[in-house]
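Student: File follows, start.txt with compact mmCIF, C-alpha atoms and all ligand atoms:
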# COMPACT_ATOMS: atom_id res chain seq x y z
CA MET G 10 80.38 -1.06 5.87
CA LYS G 11 77.74 -2.99 7.77
CA ASN G 12 78.10 -0.57 10.67
CA ILE G 13 77.60 2.43 8.41
CA ILE G 14 74.41 0.92 7.06
CA LYS G 15 73.27 0.27 10.63
CA ILE G 16 74.01 3.87 11.61
CA LEU G 17 72.22 5.22 8.54
CA PHE G 18 69.23 3.02 9.27
CA PHE G 19 69.22 4.23 12.87
CA CYS G 20 69.30 7.87 11.68
CA PHE G 21 66.39 7.09 9.35
CA LEU G 22 64.39 5.68 12.24
CA ILE G 23 65.01 8.80 14.32
CA LEU G 24 64.08 11.11 11.45
CA SER G 25 60.95 9.21 10.53
CA GLY G 26 59.95 9.14 14.19
CA ALA G 27 60.23 12.91 14.48
CA SER G 28 56.79 13.34 13.02
CA SER G 29 53.99 10.91 13.50
CA SER G 30 51.03 10.60 11.23
CA PHE G 31 47.70 9.90 12.92
CA ALA G 32 45.18 10.47 10.19
CA ASP G 33 46.00 7.42 8.11
CA LYS G 34 46.24 4.68 10.66
CA GLU G 35 43.33 5.22 13.01
CA ASN G 36 40.48 6.14 10.68
CA ILE G 37 40.59 9.71 11.83
CA ILE G 38 38.07 12.13 10.40
CA ARG G 39 39.02 15.80 10.34
CA VAL G 40 35.95 17.88 11.11
CA LEU G 41 35.97 21.65 10.69
CA VAL G 42 34.23 22.80 13.87
CA LEU G 43 35.00 26.52 13.81
CA ASP G 44 36.13 28.77 10.99
CA ASP G 45 37.19 32.39 10.56
CA ALA G 46 37.38 32.79 14.32
CA GLN G 47 39.37 35.47 16.16
CA GLU G 48 40.10 33.15 19.05
CA ALA G 49 39.55 29.62 20.28
CA ASP G 50 39.09 28.85 23.95
CA ILE G 51 40.47 25.41 24.80
CA PHE G 52 40.06 23.69 28.13
CA LEU G 53 41.04 20.16 29.12
CA ARG G 54 41.88 18.21 32.22
CA GLY G 55 44.82 15.84 32.76
CA SER G 56 47.83 15.15 30.57
CA TYR G 57 48.19 16.70 27.17
CA GLU G 58 50.75 17.59 24.55
CA ILE G 59 50.86 20.45 22.08
CA ARG G 60 52.76 19.84 18.86
CA SER G 61 53.31 21.74 15.68
CA LEU G 62 51.34 20.43 12.72
CA VAL G 63 53.32 19.23 9.73
CA GLY G 64 51.30 19.33 6.54
CA ASN G 65 47.74 18.28 7.20
CA LYS G 66 48.09 15.03 8.97
CA SER G 67 51.30 14.70 10.94
CA SER G 68 52.48 16.13 14.21
CA GLY G 69 55.93 17.69 14.52
CA THR G 70 57.93 19.08 17.41
CA VAL G 71 56.55 19.37 20.92
CA LEU G 72 55.59 22.97 21.73
CA GLY G 73 54.25 22.34 25.17
CA LYS G 74 52.93 19.72 27.52
CA GLY G 75 51.57 19.26 31.00
CA ARG G 76 49.86 16.90 33.37
CA LYS G 77 47.37 19.16 35.03
CA GLY G 78 45.36 20.29 32.09
CA ILE G 79 45.24 23.58 30.27
CA HIS G 80 42.84 26.46 29.82
CA LYS G 81 44.00 28.81 27.14
CA ARG G 82 42.59 31.26 24.67
CA PHE G 83 44.43 30.79 21.40
CA GLU G 84 44.70 33.72 19.04
CA LEU G 85 47.00 35.10 16.38
CA GLU G 86 49.73 37.55 17.35
CA GLY G 87 51.63 39.00 14.43
CA GLY G 88 50.28 36.19 12.25
CA PHE G 89 51.39 33.39 14.58
CA LEU G 90 49.65 31.47 17.32
CA ASN G 91 50.29 32.79 20.80
CA ILE G 92 52.30 29.90 22.10
CA THR G 93 55.58 30.94 23.64
CA SER G 94 58.04 28.26 22.59
CA ALA G 95 57.99 28.71 18.81
CA LYS G 96 56.49 30.64 15.94
CA THR G 97 53.88 28.44 14.39
CA ASP G 98 50.69 28.96 12.43
CA ALA G 99 49.33 25.45 12.98
CA LEU G 100 49.33 23.27 16.06
CA ILE G 101 47.62 20.20 17.43
CA ILE G 102 46.60 19.70 21.04
CA ILE G 103 46.46 16.04 21.99
CA PRO G 104 44.71 15.18 25.25
CA ARG G 105 45.97 11.90 26.70
CA LYS G 106 42.42 10.83 27.44
CA GLY G 107 38.97 12.25 27.91
CA LEU G 108 37.31 15.24 26.39
CA PHE G 109 38.49 18.69 25.54
CA TYR G 110 36.25 21.75 25.46
CA LEU G 111 36.24 24.17 22.56
CA ASN G 112 34.41 27.35 23.62
CA ASN G 113 32.72 25.22 26.32
CA ARG G 114 31.59 22.58 23.83
CA PRO G 115 32.78 19.06 24.75
CA LEU G 116 34.54 17.13 21.97
CA LYS G 117 36.50 13.90 21.76
CA GLY G 118 39.83 13.33 20.01
CA SER G 119 42.46 16.01 19.32
CA VAL G 120 42.15 19.56 18.12
CA VAL G 121 44.04 21.43 15.43
CA ILE G 122 44.17 25.22 15.48
CA LYS G 123 45.58 26.88 12.41
CA ARG G 124 45.74 30.19 10.61
CA ASN G 125 43.50 30.13 7.56
CA LYS G 126 43.93 32.07 4.32
CA PHE G 127 41.99 35.02 5.71
CA SER G 128 44.42 35.26 8.65
CA LYS G 129 41.73 34.05 11.04
CA LEU G 130 41.60 30.76 12.91
CA SER G 131 40.26 27.45 11.69
CA VAL G 132 39.64 24.83 14.35
CA ILE G 133 39.56 21.24 13.21
CA ASN G 134 38.63 18.27 15.38
CA TYR G 135 40.67 15.16 14.59
CA ILE G 136 38.43 12.37 15.78
CA ASN G 137 38.10 8.64 15.36
CA ILE G 138 35.39 7.79 12.83
CA GLU G 139 33.30 5.85 15.37
CA ASP G 140 33.22 8.78 17.80
CA TYR G 141 32.41 11.10 14.93
CA ILE G 142 29.41 8.99 13.88
CA LYS G 143 28.17 9.03 17.49
CA GLY G 144 28.16 12.84 17.32
CA VAL G 145 26.32 12.91 13.98
CA LEU G 146 23.55 10.27 14.11
CA PHE G 147 21.36 12.19 16.54
CA HIS G 148 21.07 14.98 13.96
CA GLU G 149 20.22 12.61 11.12
CA VAL G 150 17.41 10.58 12.64
CA SER G 151 15.49 10.28 15.89
CA HIS G 152 17.35 8.23 18.47
CA ARG G 153 13.97 6.65 19.30
CA TRP G 154 13.74 4.96 15.89
CA PRO G 155 13.96 1.13 15.61
CA ILE G 156 17.52 -0.10 16.05
CA GLU G 157 17.75 -1.62 12.55
CA SER G 158 17.05 1.76 10.93
CA LEU G 159 19.64 3.36 13.23
CA LYS G 160 22.18 0.71 12.22
CA ALA G 161 21.47 1.31 8.51
CA GLN G 162 21.91 5.05 9.11
CA ALA G 163 25.18 4.52 11.04
CA ILE G 164 26.63 2.56 8.10
CA ALA G 165 25.46 5.11 5.52
CA THR G 166 26.84 7.99 7.61
CA ARG G 167 30.17 6.23 8.21
CA THR G 168 30.58 5.45 4.50
CA TYR G 169 29.64 8.99 3.49
CA ALA G 170 32.21 10.47 5.90
CA LEU G 171 35.01 8.13 4.83
CA TYR G 172 34.27 8.82 1.19
CA HIS G 173 34.80 12.53 1.87
CA ALA G 174 37.95 11.77 3.85
CA GLN G 175 39.30 10.01 0.77
CA MET G 176 38.29 12.84 -1.53
CA ASN G 177 39.66 15.60 0.69
CA LYS G 178 42.86 14.03 1.92
CA ASP G 179 45.00 16.86 0.52
CA LYS G 180 42.79 19.55 2.03
CA ASP G 181 42.81 20.95 5.57
CA TYR G 182 39.72 19.00 6.64
CA ASP G 183 37.45 16.19 5.45
CA VAL G 184 34.01 17.38 6.49
CA SER G 185 32.52 20.50 8.00
CA SER G 186 30.05 20.35 10.83
CA ASP G 187 27.21 22.25 9.19
CA ILE G 188 24.23 21.22 7.09
CA TYR G 189 26.28 21.19 3.89
CA SER G 190 28.17 18.21 5.20
CA GLN G 191 26.82 16.26 8.14
CA VAL G 192 25.73 18.06 11.28
CA TYR G 193 28.14 17.13 14.05
CA GLY G 194 27.32 18.04 17.61
CA GLY G 195 30.17 16.28 19.43
CA LYS G 196 29.65 14.70 22.84
CA ASN G 197 26.48 16.77 23.47
CA SER G 198 24.74 14.93 20.62
CA GLU G 199 25.40 11.40 21.82
CA ARG G 200 22.44 9.29 22.90
CA TYR G 201 22.28 5.76 24.30
CA ARG G 202 20.49 4.18 21.32
CA THR G 203 22.42 5.95 18.55
CA ASN G 204 25.69 5.04 20.31
CA LYS G 205 24.46 1.45 20.49
CA ALA G 206 23.76 1.43 16.73
CA VAL G 207 27.29 2.73 16.10
CA ARG G 208 28.77 0.09 18.40
CA LEU G 209 26.80 -2.74 16.78
CA THR G 210 28.05 -1.72 13.32
CA THR G 211 31.63 -0.74 14.23
CA GLY G 212 33.76 -0.35 11.11
CA LEU G 213 31.02 -1.44 8.70
CA VAL G 214 30.73 0.49 5.45
CA LEU G 215 29.22 0.06 2.01
CA PHE G 216 31.31 -0.83 -1.02
CA TYR G 217 30.42 -0.93 -4.66
CA GLU G 218 32.85 -3.04 -6.68
CA GLY G 219 35.35 -2.82 -3.85
CA LYS G 220 35.19 0.97 -3.46
CA ILE G 221 33.36 3.11 -0.97
CA PHE G 222 30.99 5.60 -2.57
CA PRO G 223 29.02 8.68 -1.47
CA THR G 224 26.10 7.04 0.32
CA TYR G 225 23.61 9.87 -0.03
CA PHE G 226 20.45 9.83 2.01
CA HIS G 227 17.46 12.10 2.47
CA ALA G 228 14.37 12.36 4.67
CA THR G 229 11.56 11.13 2.39
CA CYS G 230 11.52 10.20 -1.31
CA ALA G 231 7.69 10.01 -1.55
CA GLY G 232 7.50 7.04 -3.89
CA LYS G 233 10.64 6.98 -5.96
CA THR G 234 14.25 7.78 -5.11
CA GLU G 235 16.34 9.91 -7.45
CA ASP G 236 19.16 8.85 -9.75
CA ALA G 237 22.33 10.59 -8.47
CA ASN G 238 23.20 11.32 -12.08
CA GLN G 239 20.27 13.75 -12.27
CA LEU G 240 21.94 16.01 -9.72
CA TRP G 241 25.65 15.31 -9.83
CA ASP G 242 28.24 13.79 -12.08
CA ILE G 243 27.88 10.36 -10.50
CA ASN G 244 26.80 7.40 -12.55
CA LEU G 245 26.73 4.37 -10.26
CA PRO G 246 24.28 1.45 -10.34
CA CYS G 247 24.00 1.61 -6.53
CA LEU G 248 22.75 5.22 -6.71
CA LYS G 249 19.99 4.72 -9.27
CA SER G 250 16.31 5.39 -8.71
CA VAL G 251 14.23 2.72 -6.93
CA ASP G 252 10.49 2.59 -6.25
CA CYS G 253 9.92 3.08 -2.54
CA LEU G 254 6.47 2.29 -1.19
CA PHE G 255 7.63 2.35 2.40
CA CYS G 256 7.60 6.09 3.15
CA VAL G 257 3.93 6.73 2.39
CA GLY G 258 3.27 7.23 6.12
CA SER G 259 6.10 9.74 6.54
CA PRO G 260 5.15 13.11 8.07
CA HIS G 261 7.08 14.66 5.18
CA PHE G 262 5.24 12.82 2.42
CA LYS G 263 3.48 16.02 1.27
CA TRP G 264 4.26 19.69 1.56
CA GLU G 265 2.72 22.96 0.46
CA LYS G 266 4.17 26.42 0.27
CA ASN G 267 2.91 29.77 -0.90
CA ILE G 268 5.56 32.27 -1.94
CA ILE G 269 4.91 35.75 -3.27
CA PHE G 270 6.43 36.69 -6.62
CA SER G 271 8.42 39.60 -5.21
CA GLN G 272 10.17 37.26 -2.77
CA ILE G 273 11.09 34.85 -5.56
CA LEU G 274 12.31 37.77 -7.67
CA ASP G 275 14.49 39.09 -4.82
CA LYS G 276 16.09 35.70 -4.28
CA LEU G 277 16.74 35.18 -7.99
CA ASN G 278 18.35 38.59 -8.31
CA ALA G 279 20.42 38.10 -5.15
CA ALA G 280 21.73 34.94 -6.80
CA GLY G 281 22.91 36.87 -9.84
CA TYR G 282 19.88 36.94 -12.14
CA ASN G 283 18.93 40.32 -13.44
CA LEU G 284 15.17 40.24 -13.82
CA GLU G 285 13.12 43.42 -13.82
CA SER G 286 9.94 41.64 -12.87
CA LEU G 287 8.48 38.18 -12.49
CA GLU G 288 5.17 37.50 -14.18
CA ASP G 289 4.94 33.74 -14.50
CA ILE G 290 6.67 30.45 -13.67
CA GLN G 291 6.13 27.25 -15.64
CA ILE G 292 7.41 23.72 -15.30
CA ILE G 293 8.94 22.78 -18.66
CA GLU G 294 10.44 19.36 -18.01
CA ARG G 295 10.35 16.57 -15.45
CA ASN G 296 12.65 13.59 -15.17
CA ASN G 297 11.81 9.87 -14.79
CA SER G 298 11.20 10.20 -11.06
CA ASN G 299 8.74 13.06 -11.72
CA ARG G 300 11.07 15.66 -10.25
CA VAL G 301 11.23 19.06 -11.90
CA LYS G 302 14.16 19.33 -14.25
CA ILE G 303 13.61 22.71 -15.90
CA LEU G 304 11.48 25.74 -15.03
CA LEU G 305 10.70 28.73 -17.20
CA LEU G 306 10.70 32.17 -15.59
CA LYS G 307 8.90 34.98 -17.39
CA SER G 308 9.45 38.68 -16.77
CA ASN G 309 7.81 41.56 -18.65
CA LYS G 310 10.73 41.53 -21.11
CA GLU G 311 12.24 38.09 -21.31
CA GLU G 312 12.01 34.39 -20.60
CA LEU G 313 14.71 32.31 -19.08
CA SER G 314 15.02 28.70 -18.10
CA ILE G 315 16.54 27.49 -14.84
CA SER G 316 17.23 23.97 -13.62
CA GLY G 317 15.01 22.70 -10.84
CA LYS G 318 18.11 21.94 -8.76
CA HIS G 319 19.38 25.51 -9.01
CA PHE G 320 15.93 26.97 -8.36
CA ARG G 321 15.59 24.92 -5.17
CA GLN G 322 19.02 26.02 -3.96
CA ILE G 323 18.24 29.67 -4.61
CA MET G 324 14.82 29.52 -2.98
CA ASP G 325 16.16 27.62 0.08
CA PRO G 326 15.87 23.81 0.23
CA LYS G 327 13.92 24.12 3.48
CA GLU G 328 11.20 26.13 1.70
CA ILE G 329 11.07 24.12 -1.53
CA ARG G 330 11.48 20.81 0.23
CA SER G 331 11.81 18.65 -2.88
CA LEU G 332 11.77 18.87 -6.65
CA ASN G 333 8.69 16.69 -6.95
CA PHE G 334 6.20 19.54 -7.02
CA SER G 335 3.53 21.14 -9.14
CA LEU G 336 2.60 24.80 -8.98
CA GLU G 337 -0.37 27.09 -9.29
CA ILE G 338 -0.09 30.76 -10.08
CA ASN G 339 -2.29 33.13 -8.10
CA GLU G 340 -2.53 36.88 -8.04
CA GLY G 341 1.06 37.84 -7.19
CA SER G 342 2.10 34.54 -5.68
CA VAL G 343 2.75 30.88 -6.39
CA ASP G 344 1.38 27.84 -4.57
CA PHE G 345 3.80 24.91 -4.57
CA PHE G 346 2.35 21.44 -3.92
CA GLY G 347 5.12 18.95 -3.32
CA PHE G 348 5.98 15.43 -2.25
CA GLY G 349 8.89 14.26 -0.10
CA TRP G 350 11.78 16.07 1.55
CA GLY G 351 15.35 16.20 0.32
CA HIS G 352 17.25 15.52 -2.90
CA GLY G 353 15.86 11.99 -3.06
CA VAL G 354 19.15 10.20 -3.78
CA GLY G 355 20.13 6.99 -1.94
CA MET G 356 18.48 5.88 1.28
CA CYS G 357 15.05 7.27 2.08
CA GLN G 358 15.27 7.65 5.87
CA TRP G 359 11.54 7.44 6.54
CA GLY G 360 11.36 4.48 4.18
CA ALA G 361 14.12 2.84 6.24
CA TYR G 362 12.14 3.65 9.40
CA PHE G 363 9.02 1.88 8.09
CA MET G 364 11.07 -1.02 6.71
CA SER G 365 12.56 -1.62 10.15
CA LYS G 366 9.06 -1.36 11.68
CA GLN G 367 8.03 -4.17 9.32
CA GLY G 368 10.92 -6.35 10.49
CA TYR G 369 13.55 -5.72 7.83
CA LYS G 370 17.15 -5.87 9.05
CA TYR G 371 19.72 -3.21 8.28
CA GLN G 372 21.32 -5.37 5.55
CA SER G 373 18.01 -5.54 3.61
CA ILE G 374 17.35 -1.82 4.08
CA LEU G 375 20.77 -0.89 2.69
CA GLN G 376 20.49 -3.43 -0.10
CA PHE G 377 17.13 -1.98 -1.10
CA TYR G 378 18.29 1.63 -1.38
CA TYR G 379 21.89 1.03 -2.54
CA SER G 380 21.21 -1.74 -4.98
CA GLY G 381 24.22 -4.01 -5.60
CA ALA G 382 26.36 -2.49 -2.85
CA GLU G 383 28.03 -4.76 -0.31
CA ILE G 384 28.67 -4.31 3.37
CA GLY G 385 32.29 -4.73 4.40
CA LYS G 386 34.60 -3.74 7.19
CA ILE G 387 37.24 -1.03 7.16
CA LYS G 388 40.60 -1.72 8.73
CA ASN G 389 40.91 -0.33 12.21
ZN ZN A 1 10.76 6.60 0.27
Take the structure I supplied and represent it as structure tokens, if you would.
Tutor:
Amino acid sequence: MKNIIKILFFCFLILSGASSSFADKENIIRVLVLDDAQEADIFLRGSYEIRSLVGNKSSGTVLGKGRKGIHKRFELEGGFLNITSAKTDALIIIPRKGLFYLNNRPLKGSVVIKRNKFSKLSVINYINIEDYIKGVLFHEVSHRWPIESLKAQAIATRTYALYHAQMNKDKDYDVSSDIYSQVYGGKNSERYRTNKAVRLTTGLVLFYEGKIFPTYFHATCAGKTEDANQLWDINLPCLKSVDCLFCVGSPHFKWEKNIIFSQILDKLNAAGYNLESLEDIQIIERNNSNRVKILLLKSNKEELSISGKHFRQIMDPKEIRSLNFSLEINEGSVDFFGFGWGHGVGMCQWGAYFMSKQGYKYQSILQFYYSGAEIGKIKN
């Protein structure tokens, strides 16, 4: 009887060893780096292994391996990836060490290539969180900024990414590499001082009551940060509005923009509104942080209200840089006079910059913008 149990246990070990999960144990972030592609050119030097992908996070059987690198253009043939040994629609290439190149772009970690629902290729970089942050920070703030502000940013970015990894664990990827998530440039985006800030804060994240939370940040709040609850369904004490007097010297403190009515009308109609004309725009309501909550649009026939958030999205957040604006109607156009840049929630990056210039450490900066949150370490 004992022997049977031993044999069964041995079989279990073999079976459970047949697929190994990497995403849970090493703080791996899955970054969508290419989507709806016809092909993916992969090049790497040295030893590597190609395995099938089981589910979203585990590797299965070995489909190929070598010691002298590989240079291959992956594409779909009859719905499957063009790898000779087996029919598969999802595989992972694991370099033993060093970088791999996706369409000549150097990246760290491993790479997953899979058929997406449109029968095109999605390419997802499975990368350790610390390496991911190194590829992101450069796009968030200047690498020349004081080290304490870079450290605060590294912790906010790390927490934000891990929060999304938690939220998206049943999906194909955790974050995308575009502006809607966090811009990720891979190895090309690494700089000495941003890497140093990542190293000095390795594994540090923000918790609120023991849980990580979406540590939003933005360029400049211009006086008062925004309550997350004004924009999303998030009601957390650490994401409430705070008065920020630090960012007054930010280059983004003020903005102005003139937009002609016909352009606004085109954008509204492209977004699904059906207005014949646009005659007037009025601000109907502001919230406690003075940001525009509701606008009234008037055509020759009707009036309709639109939330400030939606209006900004439709108009392009780079044009209407913030919701803290007033407006003046001219002949056929509108002048917007605004303050700040970004949604205003969480850490004000230029405020953090000036705080660090004044000698504040990263702990104080984070405590100021994410009131009541605590810094802790993730398990590595
Ligand atoms: Zn500010």
Student: Dump as a Markdown table the rows for residues of chain G within 7 Å of ligand ZN 1 (chain A): closest atom pair and distance in Å with one decimal, all atoms listed in the file counted, ordered by chain and rising residue number.
Tutor:
| residue | atom | partner | partner_atom | distance |
| --- | --- | --- | --- | --- |
| G:Thr229 | CA | A:ZN1 | ZN | 5.1 |
| G:Cys230 | CA | A:ZN1 | ZN | 4.0 |
| G:Ala231 | CA | A:ZN1 | ZN | 4.9 |
| G:Gly232 | CA | A:ZN1 | ZN | 5.3 |
| G:Lys233 | CA | A:ZN1 | ZN | 6.2 |
| G:Thr234 | CA | A:ZN1 | ZN | 6.5 |
| G:Cys253 | CA | A:ZN1 | ZN | 4.6 |
| G:Leu254 | CA | A:ZN1 | ZN | 6.3 |
| G:Phe255 | CA | A:ZN1 | ZN | 5.7 |
| G:Cys256 | CA | A:ZN1 | ZN | 4.3 |
| G:Cys357 | CA | A:ZN1 | ZN | 4.7 |
| G:Trp359 | CA | A:ZN1 | ZN | 6.4 |
| G:Gly360 | CA | A:ZN1 | ZN | 4.5 |
Student: Given the point (10.7, 32.1, -3.1) in the file's coordinates, find the residues that have an atom at most 10 Å from it, counting all atoms listed in the file, and give them as an MDAnalysis selection string.
Tutor: chainID G and resid 266:277 320:321 323:325 328:329 342:343
Student: From the options G:Lys249, G:Arg167, G:Lys96, G:Lys388, which residue's atoms come nearest to Ala237 in chain G, counting only C-alpha atoms?
Tutor: G:Lys249
Student: Nearest to Glu58 in chain G among G:Arg330, G:Arg76, G:His173, G:Arg295, with distances taken over all atoms listed in the file: which residue is it?
Tutor: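 Ranked by minimum distance to Glu58 in chain G, first place goes to G:Arg76.
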Student: Interatomic distance between CA of Leu72 in chain G and CA of Ile122 in chain G?
Tutor: 13.2 Å
Student: Can you pull out every residue within 12 Å of Ala99 in chain G, counting all atoms listed in the file, but drop anything in the same chain fewer than 3 positions away, and send it as number ranges by chain?
Tutor: G: 59-70, 72, 83-85, 88-92, 95-96, 102, 120-125, 128-133, 181
Student: With a distance cut-off of 10 Å and only C-alpha atoms, select the neighbouring residues of range 160-163 of chain G, excluding the residue or stretch itself and same-chain residues fewer than 5 positions from it, and output the selection as a PyMOL selection string.
Tutor: chain G and resi 139+142-143+145-146+149-150+155+168-169+202-214+224+226+356+358+361-362+365+370-376
Student: Take every atom of range 278-287 of chain G listed in the file, pad by 3 Å on each side, and give me the axis-aligned box centre and edge lengths in Å, one decimal, as AutoDock Vina command-line options.
Tutor:
--center_x 15.7 --center_y 39.2 --center_z -9.5 --size_x 20.4 --size_y 14.5 --size_z 14.7
Student: With distances taken over all atoms listed in the file, which residue among G:Gly73, G:Gly107, G:Gly349, G:Gly87 lies nearest Gly55 in chain G?
Tutor: G:Gly107
Student: Because some atoms of range 243-266 of chain G are absent here, can you restore N, CA and C atoms and send them as a CSV table (one decimal), keeping the file's coordinate frame?
Tutor:
chain,number,residue,atom,x,y,z
G,243,ILE,N,27.6,11.7,-11.1
G,243,ILE,CA,27.9,10.4,-10.5
G,243,ILE,C,27.0,9.3,-11.2
G,244,ASN,N,27.6,8.4,-11.8
G,244,ASN,CA,26.8,7.4,-12.6
G,244,ASN,C,27.1,6.0,-12.0
G,245,LEU,N,26.4,5.6,-10.9
G,245,LEU,CA,26.7,4.4,-10.3
G,245,LEU,C,25.4,3.6,-10.1
G,246,PRO,N,25.5,2.3,-10.5
G,246,PRO,CA,24.3,1.4,-10.3
G,246,PRO,C,23.7,1.5,-8.9
G,247,CYS,N,24.5,1.6,-7.9
G,247,CYS,CA,24.0,1.6,-6.5
G,247,CYS,C,23.4,2.9,-6.1
G,248,LEU,N,23.4,3.9,-7.0
G,248,LEU,CA,22.8,5.2,-6.7
G,248,LEU,C,21.7,5.6,-7.8
G,249,LYS,N,21.1,4.5,-8.3
G,249,LYS,CA,20.0,4.7,-9.3
G,249,LYS,C,18.6,4.8,-8.5
G,250,SER,N,17.6,5.2,-9.3
G,250,SER,CA,16.3,5.4,-8.7
G,250,SER,C,15.7,4.0,-8.4
G,251,VAL,N,15.0,3.9,-7.2
G,251,VAL,CA,14.2,2.7,-6.9
G,251,VAL,C,12.8,3.2,-6.5
G,252,ASP,N,11.8,2.3,-6.7
G,252,ASP,CA,10.5,2.6,-6.2
G,252,ASP,C,10.4,2.3,-4.8
G,253,CYS,N,10.0,3.3,-4.0
G,253,CYS,CA,9.9,3.1,-2.5
G,253,CYS,C,8.5,3.3,-2.1
G,254,LEU,N,7.9,2.2,-1.7
G,254,LEU,CA,6.5,2.3,-1.2
G,254,LEU,C,6.4,2.4,0.3
G,255,PHE,N,7.6,2.4,0.9
G,255,PHE,CA,7.6,2.4,2.4
G,255,PHE,C,7.3,3.7,3.1
G,256,CYS,N,7.6,4.8,2.4
G,256,CYS,CA,7.6,6.1,3.2
G,256,CYS,C,6.3,6.8,3.1
G,257,VAL,N,5.2,6.1,2.6
G,257,VAL,CA,3.9,6.7,2.4
G,257,VAL,C,3.4,7.3,3.7
G,258,GLY,N,3.8,6.7,4.8
G,258,GLY,CA,3.3,7.2,6.1
G,258,GLY,C,4.2,8.3,6.7
G,259,SER,N,5.2,8.7,6.0
G,259,SER,CA,6.1,9.7,6.5
G,259,SER,C,5.4,11.1,6.8
G,260,PRO,N,5.7,11.8,7.9
G,260,PRO,CA,5.2,13.1,8.1
G,260,PRO,C,5.6,14.1,7.0
G,261,HIS,N,6.6,13.7,6.2
G,261,HIS,CA,7.1,14.7,5.2
G,261,HIS,C,6.7,14.2,3.8
G,262,PHE,N,5.6,13.3,3.7
G,262,PHE,CA,5.2,12.8,2.4
G,262,PHE,C,4.8,13.9,1.5
G,263,LYS,N,4.0,14.9,2.1
G,263,LYS,CA,3.5,16.0,1.3
G,263,LYS,C,3.9,17.3,1.9
G,264,TRP,N,4.0,18.3,1.0
G,264,TRP,CA,4.3,19.7,1.6
G,264,TRP,C,3.6,20.7,0.7
G,265,GLU,N,3.3,21.9,1.2
G,265,GLU,CA,2.7,23.0,0.5
G,265,GLU,C,3.4,24.2,0.9
G,266,LYS,N,3.5,25.2,-0.1
G,266,LYS,CA,4.2,26.4,0.3
G,266,LYS,C,3.7,27.5,-0.7
